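K.L.:
Mind having a look at this structure? Questions to follow.
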Amino acid sequence: MADEQTQSQNQTQVPPTIQPPPGQTPPPPMNPPPPGSPESSVRMWNMLCHLSALSAVIGVPFGNILGPLVVWQIKKNEYPSVDIHGKAALNFQITVTLAALVVGGSMFFCLFILAVPALMLIGLAGLVFAIIAGIKANNGEEFKYPWSLELIK
């Protein structure tokens with residue numbers, strides 16, 4: 001009988017709450033916007049501006065330029081932030097394409113040994129930076145692409 005009482009007391013006890021040290025305030029909870037909210041929709045389109053460049057990976061010719069261009073043109077008037085993210089993604093992908101064309105063209109001048117690794121690095125950088133920018137855009141943060149020419153203002 002005493003055993004049953006201690007079990008029922010143990011089950012009804014609430015664990016103590018942990019208080020932050022004196023003088024410190026707890027950080028605010030990071031709650032993403034609920035699905036279907038306008039902010040969630042804006043973040044999704046911002047992310048798609050960057051991640052649509054990955055369509056080149058699945059074999060779409062010049063998909064790294066066409067993907068961000070299509071998303072940007074469709075949604076730039078509806079969401080002002082898509083205009084900003086679309087221009088940034090498009091400028092970077094055009095820069096990556098120009099760099100790849102220049103390095104690829106250098107293969108004809110007996111720089112094959114240097115051109116192949118450089119082309120691989122350019123492609124990898126385009127892939128990695130597009131993914132990082134997409135994640136940051138989905139978190140509501142800005143991302144500045146490195147070494148990006150500002151061709152579209």
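Ligands are numbered from 1 in the order shown, chains are lettered A, B, ... in the order of the structure tokens, and residues start at 1 in each chain.
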Set the distance at 12 Å and use only C-alpha atoms: which residues neighbour Gly104 (chain A) once local chain neighbours fewer than 5 positions away are removed? I'd like the list as a list in words.

P.N.:
Val96, Thr97, Leu98, Ala99, Phe109, Cys110, Leu111, Phe112, Ile113, Leu114, Ala115, Val116, Pro117, Ala118, Leu119, Met120, Ile122 and Gly123 of chain A

K.L.:
Excluding region 131-135 of chain A and any residue of its chain fewer than 2 positions from it, enumerate the residues within 8 Å of it, using only C-alpha atoms, and give them as a VMD selection string.

P.N.:
chain A and resid 46 to 51 127 to 129 137 to 139 142 to 143 145

K.L.:
Rounded to one decimal place, report the CA of Ala89 (chain A)-CA of Val102 (chain A) distance in Å.

P.N.:
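It comes out at 20.0 Å.
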
K.L.:
Compare A:Phe92, A:Leu124, A:Ser52, A:Ala100 by their minimum atom-to-atom distance to Glu150 (chain A), counting only C-alpha atoms, and give me the closest one.

P.N.:
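Of A:Phe92, A:Leu124, A:Ser52, A:Ala100, the one nearest Glu150 (chain A) is A:Phe92, counting only C-alpha atoms.
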
K.L.:
Running DSSP on the backbone, which parts of region 34-147 of chain A land in alpha helix (DSSP H), as a count of residues only?

P.N.:
80

K.L.:
Using only C-alpha atoms for the distances, tell me which of A:Val57, A:Met44, A:Ile152, A:Leu121 is nearest to Ile94 (chain A).

P.N.:
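Among the listed residues, the smallest separation from Ile94 (chain A) belongs to A:Ile152.
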
K.L.:
List as a ChimeraX atom specification the protein and nucleic acid residues near Val82 (chain A), meaning an atom at most 8 Å away when only C-alpha atoms are counted, but skip any in the same chain fewer than 4 places from it.

P.N.:
/A:42,45-46,49,72,75-76,86

K.L.:
Keeping only C-alpha atoms, take the residues you just selected and write them out as a CSV table (one decimal), in the first residue's frame.

P.N.:
chain,number,residue,atom,x,y,z
A,42,VAL,CA,7.8,35.2,-49.1
A,45,TRP,CA,10.0,32.3,-53.0
A,46,ASN,CA,13.2,34.0,-51.8
A,49,CYS,CA,15.3,32.3,-56.3
A,72,TRP,CA,12.5,36.4,-60.3
A,75,LYS,CA,7.3,37.0,-58.4
A,76,LYS,CA,9.4,40.3,-58.4
A,86,GLY,CA,16.4,37.2,-57.6

K.L.:
Rounded to one decimal, what separation in Å do you get between CA of Ile65 (chain A) and CA of Ala125 (chain A)?

P.N.:
14.9 Å
